[in-house]
file final35.cif (mmCIF, C-alpha atoms)
data_query
#
loop_
_atom_site.group_PDB
_atom_site.id
_atom_site.type_symbol
_atom_site.label_atom_id
_atom_site.label_comp_id
_atom_site.auth_asym_id
_atom_site.auth_seq_id
_atom_site.Cartn_x
_atom_site.Cartn_y
_atom_site.Cartn_z
ATOM 1 C CA MET A 15 -3.392 -38.583 16.369
ATOM 2 C CA ILE A 16 0.062 -37.438 15.318
ATOM 3 C CA GLY A 17 1.453 -37.061 18.841
ATOM 4 C CA ARG A 18 5.096 -36.420 19.594
ATOM 5 C CA LYS A 19 6.571 -38.885 17.111
ATOM 6 C CA LYS A 20 5.844 -36.713 14.113
ATOM 7 C CA LYS A 21 8.819 -37.957 12.135
ATOM 8 C CA VAL A 22 7.604 -41.557 12.449
ATOM 9 C CA PHE A 23 4.080 -40.521 11.434
ATOM 10 C CA PHE A 24 5.278 -38.835 8.222
ATOM 11 C CA ASN A 25 8.070 -41.292 7.452
ATOM 12 C CA GLU A 26 5.897 -43.036 4.847
ATOM 13 C CA ILE A 27 6.197 -39.942 2.643
ATOM 14 C CA LYS A 28 9.984 -40.162 2.647
ATOM 15 C CA LEU A 29 9.859 -43.876 1.865
ATOM 16 C CA LYS A 30 7.582 -43.279 -1.128
ATOM 17 C CA VAL A 31 9.949 -40.661 -2.547
ATOM 18 C CA GLN A 32 12.977 -42.865 -1.979
ATOM 19 C CA SER A 33 11.195 -45.807 -3.589
ATOM 20 C CA LYS A 34 10.590 -43.747 -6.741
ATOM 21 C CA ILE A 35 14.183 -42.556 -6.834
ATOM 22 C CA SER A 36 15.537 -46.064 -6.245
ATOM 23 C CA SER A 37 13.675 -47.363 -9.292
ATOM 24 C CA TRP A 38 15.009 -44.500 -11.424
ATOM 25 C CA LYS A 39 18.606 -45.157 -10.447
ATOM 26 C CA GLN A 40 18.435 -48.464 -12.300
ATOM 27 C CA LYS A 41 18.155 -46.521 -15.558
ATOM 28 C CA LEU A 42 20.231 -43.873 -17.267
ATOM 29 C CA PHE A 43 18.530 -40.499 -17.700
ATOM 30 C CA SER A 44 19.719 -37.290 -19.265
ATOM 31 C CA SER A 45 19.817 -34.132 -17.142
ATOM 32 C CA GLY A 46 16.587 -32.975 -18.751
ATOM 33 C CA GLY A 47 14.927 -36.304 -17.958
ATOM 34 C CA LYS A 48 16.032 -36.126 -14.335
ATOM 35 C CA GLU A 49 14.699 -32.596 -14.049
ATOM 36 C CA VAL A 50 11.259 -33.679 -15.277
ATOM 37 C CA LEU A 51 11.137 -36.674 -12.922
ATOM 38 C CA ILE A 52 12.159 -34.594 -9.907
ATOM 39 C CA LYS A 53 9.674 -31.796 -10.554
ATOM 40 C CA ALA A 54 6.729 -33.855 -11.799
ATOM 41 C CA VAL A 55 7.011 -36.893 -9.519
ATOM 42 C CA ALA A 56 9.489 -36.780 -6.613
ATOM 43 C CA GLN A 57 8.524 -33.321 -5.402
ATOM 44 C CA ALA A 58 4.827 -33.950 -6.025
ATOM 45 C CA VAL A 59 4.584 -37.056 -3.798
ATOM 46 C CA PRO A 60 4.566 -35.139 -0.453
ATOM 47 C CA ALA A 61 2.290 -32.324 -1.688
ATOM 48 C CA TYR A 62 -0.989 -33.706 -0.311
ATOM 49 C CA ALA A 63 0.263 -34.105 3.265
ATOM 50 C CA MET A 64 2.219 -30.837 3.062
ATOM 51 C CA SER A 65 -0.938 -28.896 2.219
ATOM 52 C CA VAL A 66 -2.273 -29.499 5.746
ATOM 53 C CA PHE A 67 0.601 -30.433 8.051
ATOM 54 C CA LYS A 68 4.028 -29.022 8.809
ATOM 55 C CA ILE A 69 6.430 -31.801 7.871
ATOM 56 C CA PRO A 70 9.365 -32.099 10.344
ATOM 57 C CA MET A 71 12.437 -30.258 9.093
ATOM 58 C CA GLY A 72 14.649 -33.315 9.469
ATOM 59 C CA LEU A 73 12.342 -35.298 7.211
ATOM 60 C CA CYS A 74 12.325 -32.509 4.615
ATOM 61 C CA ASN A 75 16.121 -32.482 4.610
ATOM 62 C CA GLU A 76 16.261 -36.255 4.137
ATOM 63 C CA ILE A 77 13.887 -36.042 1.168
ATOM 64 C CA GLN A 78 15.982 -33.266 -0.355
ATOM 65 C CA GLN A 79 19.165 -35.276 0.142
ATOM 66 C CA SER A 80 17.625 -38.222 -1.699
ATOM 67 C CA ILE A 81 16.530 -35.982 -4.580
ATOM 68 C CA ALA A 82 19.898 -34.228 -4.712
ATOM 69 C CA GLY A 83 21.673 -37.588 -4.730
ATOM 70 C CA PHE A 84 19.624 -38.674 -7.749
ATOM 71 C CA TRP A 85 20.278 -35.377 -9.547
ATOM 72 C CA TRP A 86 24.070 -35.471 -9.128
ATOM 73 C CA SER A 87 24.514 -39.234 -9.679
ATOM 74 C CA LYS A 88 26.282 -40.121 -12.926
ATOM 75 C CA ARG A 89 26.086 -43.891 -13.071
ATOM 76 C CA LYS A 90 23.909 -46.654 -11.668
ATOM 77 C CA GLU A 91 24.249 -46.926 -7.891
ATOM 78 C CA LYS A 92 27.170 -44.470 -7.907
ATOM 79 C CA ARG A 93 27.089 -41.305 -5.838
ATOM 80 C CA GLY A 94 28.010 -38.116 -7.675
ATOM 81 C CA ILE A 95 29.646 -34.918 -6.471
ATOM 82 C CA PHE A 96 27.281 -32.256 -5.072
ATOM 83 C CA TRP A 97 28.596 -29.228 -6.961
ATOM 84 C CA THR A 98 26.362 -26.655 -5.285
ATOM 85 C CA LYS A 99 24.070 -26.352 -2.271
ATOM 86 C CA TRP A 100 20.331 -26.948 -2.504
ATOM 87 C CA GLU A 101 19.596 -23.324 -1.651
ATOM 88 C CA SER A 102 21.032 -22.280 -5.017
ATOM 89 C CA MET A 103 19.252 -25.108 -6.838
ATOM 90 C CA SER A 104 15.953 -23.953 -5.316
ATOM 91 C CA GLN A 105 16.134 -20.567 -6.999
ATOM 92 C CA SER A 106 14.237 -19.995 -10.229
ATOM 93 C CA LYS A 107 16.030 -20.553 -13.523
ATOM 94 C CA THR A 108 16.055 -16.826 -14.241
ATOM 95 C CA ARG A 109 18.057 -16.349 -11.017
ATOM 96 C CA GLY A 110 20.634 -18.998 -11.729
ATOM 97 C CA GLY A 111 18.949 -21.994 -10.092
ATOM 98 C CA MET A 112 17.155 -25.055 -11.437
ATOM 99 C CA GLY A 113 13.711 -24.230 -10.121
ATOM 100 C CA PHE A 114 13.682 -27.234 -7.786
ATOM 101 C CA ARG A 115 11.559 -26.747 -4.692
ATOM 102 C CA ASP A 116 12.950 -26.287 -1.248
ATOM 103 C CA ILE A 117 10.715 -28.845 0.490
ATOM 104 C CA SER A 118 10.166 -27.029 3.793
ATOM 105 C CA SER A 119 9.514 -23.652 2.092
ATOM 106 C CA PHE A 120 7.045 -25.245 -0.305
ATOM 107 C CA ASN A 121 5.400 -26.968 2.672
ATOM 108 C CA GLN A 122 5.026 -23.607 4.431
ATOM 109 C CA ALA A 123 3.523 -21.972 1.326
ATOM 110 C CA LEU A 124 0.982 -24.806 0.978
ATOM 111 C CA VAL A 125 -0.069 -24.617 4.630
ATOM 112 C CA ALA A 126 -0.374 -20.830 4.291
ATOM 113 C CA LYS A 127 -2.994 -21.470 1.605
ATOM 114 C CA GLN A 128 -5.208 -23.102 4.233
ATOM 115 C CA GLY A 129 -4.715 -20.135 6.539
ATOM 116 C CA TRP A 130 -5.649 -17.783 3.722
ATOM 117 C CA ARG A 131 -8.919 -19.682 3.269
ATOM 118 C CA LEU A 132 -9.760 -19.113 6.929
ATOM 119 C CA ILE A 133 -9.323 -15.372 6.348
ATOM 120 C CA GLN A 134 -11.265 -15.177 3.104
ATOM 121 C CA ASN A 135 -14.055 -17.611 4.054
ATOM 122 C CA PRO A 136 -14.852 -16.855 7.716
ATOM 123 C CA GLU A 137 -18.262 -18.540 7.449
ATOM 124 C CA SER A 138 -16.879 -21.888 6.312
ATOM 125 C CA LEU A 139 -17.187 -24.834 8.697
ATOM 126 C CA ALA A 140 -13.411 -25.086 9.205
ATOM 127 C CA ALA A 141 -13.096 -21.342 9.930
ATOM 128 C CA ARG A 142 -15.957 -21.409 12.442
ATOM 129 C CA ILE A 143 -14.478 -24.413 14.262
ATOM 130 C CA MET A 144 -11.027 -22.807 14.468
ATOM 131 C CA LYS A 145 -12.491 -19.504 15.616
ATOM 132 C CA ALA A 146 -14.545 -21.157 18.358
ATOM 133 C CA ARG A 147 -11.500 -23.080 19.548
ATOM 134 C CA TYR A 148 -8.599 -20.623 19.177
ATOM 135 C CA PHE A 149 -9.622 -17.003 18.484
ATOM 136 C CA ARG A 150 -13.135 -16.225 19.695
ATOM 137 C CA GLU A 151 -12.490 -12.512 20.170
ATOM 138 C CA GLY A 152 -10.003 -11.786 17.379
ATOM 139 C CA ASN A 153 -9.086 -13.128 13.960
ATOM 140 C CA PHE A 154 -6.643 -15.589 12.465
ATOM 141 C CA LEU A 155 -3.946 -12.967 11.860
ATOM 142 C CA ASN A 156 -3.576 -12.120 15.546
ATOM 143 C CA ALA A 157 -4.582 -15.462 17.097
ATOM 144 C CA SER A 158 -2.315 -17.048 19.699
ATOM 145 C CA THR A 159 -1.244 -20.666 20.017
ATOM 146 C CA GLY A 160 -3.694 -21.304 22.833
ATOM 147 C CA SER A 161 -3.632 -24.149 25.332
ATOM 148 C CA ASN A 162 -3.126 -27.736 24.188
ATOM 149 C CA PRO A 163 -3.308 -26.855 20.453
ATOM 150 C CA SER A 164 -3.706 -29.484 17.779
ATOM 151 C CA TYR A 165 -0.881 -30.152 15.357
ATOM 152 C CA ILE A 166 -3.024 -28.794 12.514
ATOM 153 C CA TRP A 167 -3.399 -25.484 14.370
ATOM 154 C CA ARG A 168 0.323 -25.241 15.043
ATOM 155 C CA SER A 169 0.924 -25.961 11.367
ATOM 156 C CA LEU A 170 -1.476 -23.173 10.374
ATOM 157 C CA LEU A 171 0.337 -20.704 12.638
ATOM 158 C CA TRP A 172 3.606 -21.699 10.984
ATOM 159 C CA GLY A 173 2.074 -21.024 7.574
ATOM 160 C CA ARG A 174 0.727 -17.713 8.876
ATOM 161 C CA GLN A 175 4.299 -16.382 8.911
ATOM 162 C CA VAL A 176 4.153 -16.313 5.109
ATOM 163 C CA ILE A 177 0.775 -14.567 5.087
ATOM 164 C CA LEU A 178 1.936 -11.861 7.495
ATOM 165 C CA LYS A 179 4.933 -11.137 5.261
ATOM 166 C CA GLY A 180 2.886 -10.801 2.091
ATOM 167 C CA CYS A 181 -0.592 -9.579 3.013
ATOM 168 C CA ARG A 182 -1.855 -6.079 3.622
ATOM 169 C CA TRP A 183 -5.151 -4.299 4.097
ATOM 170 C CA ARG A 184 -7.017 -2.758 1.190
ATOM 171 C CA ILE A 185 -8.418 0.404 2.722
ATOM 172 C CA GLY A 186 -12.172 0.936 2.540
ATOM 173 C CA ASN A 187 -13.374 3.010 5.477
ATOM 174 C CA GLY A 188 -10.258 2.436 7.608
ATOM 175 C CA MET A 189 -12.249 1.286 10.640
ATOM 176 C CA SER A 190 -10.527 -2.107 10.911
ATOM 177 C CA VAL A 191 -6.922 -0.999 10.379
ATOM 178 C CA LEU A 192 -4.490 0.299 12.989
ATOM 179 C CA ILE A 193 -2.134 2.939 11.594
ATOM 180 C CA TYR A 194 1.052 1.784 13.312
ATOM 181 C CA ARG A 195 0.466 -1.939 13.836
ATOM 182 C CA ASP A 196 -1.258 -3.290 10.738
ATOM 183 C CA ASN A 197 0.034 -3.802 7.207
ATOM 184 C CA TRP A 198 -1.679 -1.319 4.905
ATOM 185 C CA ILE A 199 0.868 0.868 3.090
ATOM 186 C CA GLN A 200 1.858 -0.364 -0.392
ATOM 187 C CA ARG A 201 5.477 -0.828 0.605
ATOM 188 C CA PRO A 202 6.560 -4.519 0.595
ATOM 189 C CA SER A 203 9.510 -3.954 2.937
ATOM 190 C CA THR A 204 7.247 -3.329 5.952
ATOM 191 C CA PHE A 205 3.709 -2.351 4.756
ATOM 192 C CA GLN A 206 3.763 0.073 7.696
ATOM 193 C CA PRO A 207 4.841 3.696 8.279
ATOM 194 C CA PHE A 208 8.542 4.280 8.892
ATOM 195 C CA SER A 209 7.970 7.338 11.055
ATOM 196 C CA THR A 210 7.877 7.505 14.849
ATOM 197 C CA PRO A 211 4.247 7.355 16.076
ATOM 198 C CA LYS A 212 2.721 10.770 16.755
ATOM 199 C CA MET A 213 -0.773 9.418 17.318
ATOM 200 C CA SER A 214 -2.149 6.855 19.732
ATOM 201 C CA PRO A 215 -0.944 3.259 19.147
ATOM 202 C CA GLU A 216 -4.625 2.353 18.790
ATOM 203 C CA ALA A 217 -5.309 5.062 16.188
ATOM 204 C CA LYS A 218 -7.077 3.770 13.103
ATOM 205 C CA VAL A 219 -6.709 4.709 9.457
ATOM 206 C CA ALA A 220 -10.293 6.027 9.555
ATOM 207 C CA GLU A 221 -8.934 9.083 11.411
ATOM 208 C CA LEU A 222 -7.035 10.015 8.246
ATOM 209 C CA ILE A 223 -10.147 9.863 6.028
ATOM 210 C CA ASP A 224 -12.806 12.591 5.797
ATOM 211 C CA LYS A 225 -16.591 12.232 5.515
ATOM 212 C CA GLU A 226 -16.408 12.120 1.715
ATOM 213 C CA ASN A 227 -14.077 9.130 1.926
ATOM 214 C CA ARG A 228 -11.006 11.100 0.831
ATOM 215 C CA TRP A 229 -7.628 11.407 2.476
ATOM 216 C CA LYS A 230 -7.144 14.314 4.867
ATOM 217 C CA THR A 231 -4.144 15.593 2.958
ATOM 218 C CA GLU A 232 -3.130 18.400 5.326
ATOM 219 C CA VAL A 233 -3.425 16.188 8.409
ATOM 220 C CA ILE A 234 -1.350 13.433 6.809
ATOM 221 C CA GLN A 235 1.365 15.846 5.701
ATOM 222 C CA GLN A 236 1.576 17.288 9.224
ATOM 223 C CA ILE A 237 1.780 13.921 11.015
ATOM 224 C CA PHE A 238 3.956 11.891 8.661
ATOM 225 C CA PRO A 239 7.310 12.634 6.980
ATOM 226 C CA LYS A 240 7.365 13.158 3.234
ATOM 227 C CA ASP A 241 8.046 9.532 2.227
ATOM 228 C CA ASP A 242 5.244 8.110 4.363
ATOM 229 C CA ALA A 243 2.828 10.887 3.402
ATOM 230 C CA GLU A 244 3.386 10.274 -0.315
ATOM 231 C CA GLU A 245 2.865 6.517 0.108
ATOM 232 C CA ILE A 246 -0.374 7.049 2.034
ATOM 233 C CA LEU A 247 -1.804 9.627 -0.379
ATOM 234 C CA SER A 248 -1.061 7.316 -3.311
ATOM 235 C CA ILE A 249 -3.355 4.638 -1.868
ATOM 236 C CA PRO A 250 -6.665 4.712 -3.791
ATOM 237 C CA LEU A 251 -9.864 4.975 -1.782
ATOM 238 C CA PRO A 252 -13.244 3.648 -2.990
ATOM 239 C CA ARG A 253 -15.788 6.190 -4.184
ATOM 240 C CA ARG A 254 -18.282 4.946 -1.638
ATOM 241 C CA GLU A 255 -17.628 3.700 1.869
ATOM 242 C CA MET A 256 -16.640 0.023 2.023
ATOM 243 C CA GLU A 257 -15.225 -2.290 4.648
ATOM 244 C CA ASP A 258 -11.475 -2.866 4.777
ATOM 245 C CA LYS A 259 -10.275 -6.149 3.296
ATOM 246 C CA VAL A 260 -7.135 -8.263 3.679
ATOM 247 C CA ILE A 261 -5.480 -8.888 0.299
ATOM 248 C CA TRP A 262 -2.331 -10.589 -0.965
ATOM 249 C CA HIS A 263 0.100 -7.908 -2.096
ATOM 250 C CA TYR A 264 1.883 -10.033 -4.703
ATOM 251 C CA ASP A 265 -1.165 -10.615 -6.902
ATOM 252 C CA LYS A 266 -2.944 -7.928 -8.900
ATOM 253 C CA HIS A 267 -6.301 -9.369 -7.843
ATOM 254 C CA GLY A 268 -5.237 -9.671 -4.205
ATOM 255 C CA ARG A 269 -5.561 -13.458 -4.115
ATOM 256 C CA TYR A 270 -2.989 -15.673 -2.429
ATOM 257 C CA SER A 271 -1.161 -18.171 -4.623
ATOM 258 C CA VAL A 272 1.229 -20.924 -3.586
ATOM 259 C CA LYS A 273 3.631 -19.764 -6.293
ATOM 260 C CA SER A 274 4.105 -16.277 -4.846
ATOM 261 C CA GLY A 275 3.801 -17.570 -1.288
ATOM 262 C CA TYR A 276 6.684 -19.940 -1.968
ATOM 263 C CA GLN A 277 8.908 -17.006 -2.925
ATOM 264 C CA VAL A 278 8.039 -15.285 0.363
ATOM 265 C CA ALA A 279 8.744 -18.520 2.269
ATOM 266 C CA LEU A 280 12.143 -18.777 0.578
ATOM 267 C CA LYS A 281 13.019 -15.263 1.742
ATOM 268 C CA LEU A 282 11.965 -16.166 5.274
ATOM 269 C CA LYS A 283 14.251 -19.182 5.275
ATOM 270 C CA PHE A 284 17.163 -17.732 3.305
ATOM 271 C CA SER A 285 17.561 -14.089 4.275
ATOM 272 C CA ASP A 286 20.580 -13.647 1.990
ATOM 273 C CA PRO A 287 20.138 -14.554 -1.705
ATOM 274 C CA PRO A 288 22.619 -17.108 -3.071
ATOM 275 C CA SER A 289 25.580 -15.891 -5.081
ATOM 276 C CA CYS A 290 24.054 -17.082 -8.360
ATOM 277 C CA SER A 291 21.164 -14.594 -8.084
ATOM 278 C CA ASP A 292 23.172 -11.430 -8.503
ATOM 279 C CA SER A 293 23.033 -8.704 -11.145
ATOM 280 C CA ARG A 294 23.554 -11.294 -13.887
ATOM 281 C CA GLY A 295 19.956 -12.475 -13.430
ATOM 282 C CA ASN A 296 18.893 -11.303 -16.892
ATOM 283 C CA ASN A 297 21.649 -13.393 -18.522
ATOM 284 C CA TRP A 298 20.204 -16.583 -17.028
ATOM 285 C CA GLY A 299 16.873 -15.858 -18.717
ATOM 286 C CA VAL A 300 18.620 -15.499 -22.070
ATOM 287 C CA ILE A 301 20.373 -18.857 -21.652
ATOM 288 C CA TRP A 302 17.143 -20.751 -20.951
ATOM 289 C CA LYS A 303 15.522 -19.294 -24.069
ATOM 290 C CA LEU A 304 18.278 -20.528 -26.381
ATOM 291 C CA ASN A 305 17.371 -23.207 -28.916
ATOM 292 C CA ILE A 306 19.968 -25.718 -27.717
ATOM 293 C CA PRO A 307 19.781 -29.115 -25.959
ATOM 294 C CA GLU A 308 18.528 -28.978 -22.364
ATOM 295 C CA LYS A 309 21.653 -30.604 -20.929
ATOM 296 C CA ILE A 310 23.794 -27.815 -22.345
ATOM 297 C CA LYS A 311 21.562 -25.144 -20.791
ATOM 298 C CA ILE A 312 21.746 -26.871 -17.415
ATOM 299 C CA PHE A 313 25.519 -26.815 -17.275
ATOM 300 C CA ALA A 314 26.072 -23.547 -19.139
#

call {"tool": "encode", "arguments": {"input": "final35.cif", "output": "structure tokens"}}
result
Amino acid sequence: MIGRKKKVFFNEIKLKVQSKISSWKQKLFSSGGKEVLIKAVAQAVPAYAMSVFKIPMGLCNEIQQSIAGFWWSKRKEKRGIFWTKWESMSQSKTRGGMGFRDISSFNQALVAKQGWRLIQNPESLAARIMKARYFREGNFLNASTGSNPSYIWRSLLWGRQVILKGCRWRIGNGMSVLIYRDNWIQRPSTFQPFSTPKMSPEAKVAELIDKENRWKTEVIQQIFPKDDAEEILSIPLPRREMEDKVIWHYDKHGRYSVKSGYQVALKLKFSDPPSCSDSRGNNWGVIWKLNIPEKIKIFA
């Protein structure tokens, strides 16, 4: 049982990372060498635990501080100057960062993967247990915390924040999707209509589809403003009636990936992009493609 002393329970992860870093500090590495060690080893150590549990934020910050200290150090056992904040370092190289992971955001993206499996595999043993315990009448996307929840369940609900920001319904027959409450329009900003509701809050997308499984164009144009109507009519419908399905918007096959989920988690944590990720983004990509030593690219 994890109990209330979560930081103590997960402290072993921090100690393992710090042990690795401590052994590296006895040697001199180039910037490129440090980058490889951080990405391939230091940030990989917590991955197993982070794929199931929400690691306490304080512990994540301590791990990041240890990694940042190793990155900026110049000599053995000597602390270097932190020239920029970790938020900027966590951005991709094409956006002016180093591509290092923000530990808590990566943790959230990994846990979201488990939540996605509950959605896509409702007949699995884990999904059936969670459903019987926490959402007998609904589904994972609208489940509540419940009474006396386990730490795993609370972790899954935390990861669900990422899923809700990046998933939407692929319309089949429209019977499972609420027009004004569910994500179904191919518009990443909200996935929902912008217009003021003119139908019942419980109205379903099926009311906008005719018997031949085509959009009711005239009805849609009367109810919704031009922007919403165009977005709705651009959504493809299957030739034959099918059930609606939850998909991941940021993948052409509709499958969740930790890579794209991590980007959503970053946006949840850092609402404003760092100054390095401005309109010069394309220039960063050019720099990283140059045939010059890695250490020069890093400090270009």

call {"tool": "residues_around", "arguments": {"input": "final35.cif", "residues": "region 110-122 of chain A", "least_positions_apart": "5", "cutoff": "9 Å", "atoms": "all atoms listed in the file", "output": "PyMOL selection string"}}
result
chain A and resi 49+52-53+57+60-61+63-71+74-75+77-78+100-105+127+169-170+172-176+272-273+275-280+282-283+289-292+294-295+297-299+312

call {"tool": "atom_distance", "arguments": {"input": "final35.cif", "atom1": "CA of Ser33 (chain A)", "atom2": "CA of Ser87 (chain A)"}}
result
16.1 Å

call {"tool": "residues_around", "arguments": {"input": "final35.cif", "residues": "Arg201 (chain A)", "least_positions_apart": "5", "cutoff": "9 Å", "atoms": "all atoms listed in the file", "output": "number ranges by chain"}}
result
A: 206-207, 245

call {"tool": "atom_distance", "arguments": {"input": "final35.cif", "atom1": "CA of Ile143 (chain A)", "atom2": "CA of Val260 (chain A)"}}
result
20.7 Å

call {"tool": "closest_residue", "arguments": {"input": "final35.cif", "among": "A:Trp86, A:Tyr194, A:Phe205, A:Phe154", "to": "Asn135 (chain A)", "atoms": "all atoms listed in the file"}}
result
A:Phe154

call {"tool": "residues_near_point", "arguments": {"input": "final35.cif", "point": "(10.3, -36.2, 10.4)", "cutoff": "6 Å", "atoms": "only C-alpha atoms", "output": "PyMOL selection string"}}
result
chain A and resi 20-21+70+72-73

call {"tool": "atom_distance", "arguments": {"input": "final35.cif", "atom1": "CA of Asp265 (chain A)", "atom2": "CA of Thr108 (chain A)"}}
result
19.7 Å

call {"tool": "residues_around", "arguments": {"input": "final35.cif", "residues": "Gln236 (chain A)", "least_positions_apart": "5", "cutoff": "12 Å", "atoms": "all atoms listed in the file", "output": "PyMOL selection string"}}
result
chain A and resi 209+212-213+222+230-231+242-244

call {"tool": "write_last_selection", "arguments": {"input": "final35.cif", "atoms": "C-alpha atoms", "output": "PDB file, keeping the file's coordinate frame"}}
result
ATOM      1  CA  SER A 209       7.970   7.338  11.055  1.00  0.00           C
ATOM      2  CA  LYS A 212       2.721  10.770  16.755  1.00  0.00           C
ATOM      3  CA  MET A 213      -0.773   9.418  17.318  1.00  0.00           C
ATOM      4  CA  LEU A 222      -7.035  10.015   8.246  1.00  0.00           C
ATOM      5  CA  LYS A 230      -7.144  14.314   4.867  1.00  0.00           C
ATOM      6  CA  THR A 231      -4.144  15.593   2.958  1.00  0.00           C
ATOM      7  CA  ASP A 242       5.244   8.110   4.363  1.00  0.00           C
ATOM      8  CA  ALA A 243       2.828  10.887   3.402  1.00  0.00           C
ATOM      9  CA  GLU A 244       3.386  10.274  -0.315  1.00  0.00           C
TER      10      GLU A 244
END

call {"tool": "residues_around", "arguments": {"input": "final35.cif", "residues": "Ile246 (chain A)", "least_positions_apart": "6", "cutoff": "12 Å", "atoms": "all atoms listed in the file", "output": "tab-separated table (two decimals) with C-alpha atoms, in the coordinates of the input"}}
result
chain	number	residue	atom	x	y	z
A	184	ARG	CA	-7.02	-2.76	1.19
A	185	ILE	CA	-8.42	0.40	2.72
A	193	ILE	CA	-2.13	2.94	11.59
A	198	TRP	CA	-1.68	-1.32	4.90
A	199	ILE	CA	0.87	0.87	3.09
A	200	GLN	CA	1.86	-0.36	-0.39
A	201	ARG	CA	5.48	-0.83	0.60
A	205	PHE	CA	3.71	-2.35	4.76
A	206	GLN	CA	3.76	0.07	7.70
A	207	PRO	CA	4.84	3.70	8.28
A	208	PHE	CA	8.54	4.28	8.89
A	219	VAL	CA	-6.71	4.71	9.46
A	222	LEU	CA	-7.04	10.02	8.25
A	223	ILE	CA	-10.15	9.86	6.03
A	228	ARG	CA	-11.01	11.10	0.83
A	229	TRP	CA	-7.63	11.41	2.48
A	230	LYS	CA	-7.14	14.31	4.87
A	231	THR	CA	-4.14	15.59	2.96
A	233	VAL	CA	-3.42	16.19	8.41
A	234	ILE	CA	-1.35	13.43	6.81
A	235	GLN	CA	1.36	15.85	5.70
A	237	ILE	CA	1.78	13.92	11.02
A	238	PHE	CA	3.96	11.89	8.66
A	239	PRO	CA	7.31	12.63	6.98
A	240	LYS	CA	7.36	13.16	3.23

call {"tool": "closest_residue", "arguments": {"input": "final35.cif", "among": "A:Leu42, A:Ala54, A:Ala141, A:Ile35", "to": "Gly129 (chain A)", "atoms": "all atoms listed in the file"}}
result
A:Ala141

call {"tool": "decode", "arguments": {"input": "final35.cif", "residues": "region 215-226 of chain A", "atoms": "N, CA, C and O atoms", "output": "PDB file, in the first residue's frame"}}
result
ATOM      1  N   PRO A 215     -29.684  20.118 -24.342  1.00  0.00           N
ATOM      2  CA  PRO A 215     -28.328  19.756 -23.911  1.00  0.00           C
ATOM      3  C   PRO A 215     -28.043  18.266 -24.075  1.00  0.00           C
ATOM      4  O   PRO A 215     -26.884  17.859 -24.184  1.00  0.00           O
ATOM      5  N   GLU A 216     -29.110  17.466 -24.102  1.00  0.00           N
ATOM      6  CA  GLU A 216     -28.955  16.016 -24.253  1.00  0.00           C
ATOM      7  C   GLU A 216     -29.081  15.563 -25.707  1.00  0.00           C
ATOM      8  O   GLU A 216     -29.069  14.355 -25.985  1.00  0.00           O
ATOM      9  N   ALA A 217     -29.205  16.511 -26.631  1.00  0.00           N
ATOM     10  CA  ALA A 217     -29.336  16.162 -28.049  1.00  0.00           C
ATOM     11  C   ALA A 217     -28.095  15.438 -28.541  1.00  0.00           C
ATOM     12  O   ALA A 217     -26.973  15.791 -28.187  1.00  0.00           O
ATOM     13  N   LYS A 218     -28.310  14.429 -29.368  1.00  0.00           N
ATOM     14  CA  LYS A 218     -27.203  13.625 -29.873  1.00  0.00           C
ATOM     15  C   LYS A 218     -26.950  13.905 -31.353  1.00  0.00           C
ATOM     16  O   LYS A 218     -27.834  14.388 -32.074  1.00  0.00           O
ATOM     17  N   VAL A 219     -25.740  13.602 -31.771  1.00  0.00           N
ATOM     18  CA  VAL A 219     -25.336  13.854 -33.154  1.00  0.00           C
ATOM     19  C   VAL A 219     -26.222  13.083 -34.129  1.00  0.00           C
ATOM     20  O   VAL A 219     -26.409  13.496 -35.277  1.00  0.00           O
ATOM     21  N   ALA A 220     -26.803  11.980 -33.681  1.00  0.00           N
ATOM     22  CA  ALA A 220     -27.678  11.175 -34.542  1.00  0.00           C
ATOM     23  C   ALA A 220     -28.843  11.995 -35.090  1.00  0.00           C
ATOM     24  O   ALA A 220     -29.356  11.711 -36.182  1.00  0.00           O
ATOM     25  N   GLU A 221     -29.239  13.048 -34.377  1.00  0.00           N
ATOM     26  CA  GLU A 221     -30.343  13.904 -34.833  1.00  0.00           C
ATOM     27  C   GLU A 221     -29.945  14.751 -36.035  1.00  0.00           C
ATOM     28  O   GLU A 221     -30.817  15.353 -36.681  1.00  0.00           O
ATOM     29  N   LEU A 222     -28.659  14.806 -36.327  1.00  0.00           N
ATOM     30  CA  LEU A 222     -28.175  15.576 -37.478  1.00  0.00           C
ATOM     31  C   LEU A 222     -27.872  14.680 -38.681  1.00  0.00           C
ATOM     32  O   LEU A 222     -27.369  15.154 -39.696  1.00  0.00           O
ATOM     33  N   ILE A 223     -28.171  13.387 -38.554  1.00  0.00           N
ATOM     34  CA  ILE A 223     -27.879  12.409 -39.603  1.00  0.00           C
ATOM     35  C   ILE A 223     -29.180  11.794 -40.095  1.00  0.00           C
ATOM     36  O   ILE A 223     -30.044  11.417 -39.289  1.00  0.00           O
ATOM     37  N   ASP A 224     -29.337  11.662 -41.426  1.00  0.00           N
ATOM     38  CA  ASP A 224     -30.573  11.100 -41.967  1.00  0.00           C
ATOM     39  C   ASP A 224     -30.513   9.577 -42.029  1.00  0.00           C
ATOM     40  O   ASP A 224     -29.518   8.950 -41.603  1.00  0.00           O
ATOM     41  N   LYS A 225     -31.547   8.962 -42.571  1.00  0.00           N
ATOM     42  CA  LYS A 225     -31.649   7.500 -42.617  1.00  0.00           C
ATOM     43  C   LYS A 225     -30.613   6.865 -43.530  1.00  0.00           C
ATOM     44  O   LYS A 225     -30.296   5.680 -43.392  1.00  0.00           O
ATOM     45  N   GLU A 226     -30.081   7.634 -44.468  1.00  0.00           N
ATOM     46  CA  GLU A 226     -29.065   7.111 -45.383  1.00  0.00           C
ATOM     47  C   GLU A 226     -27.655   7.356 -44.852  1.00  0.00           C
ATOM     48  O   GLU A 226     -26.674   7.192 -45.560  1.00  0.00           O
TER      49      GLU A 226
END
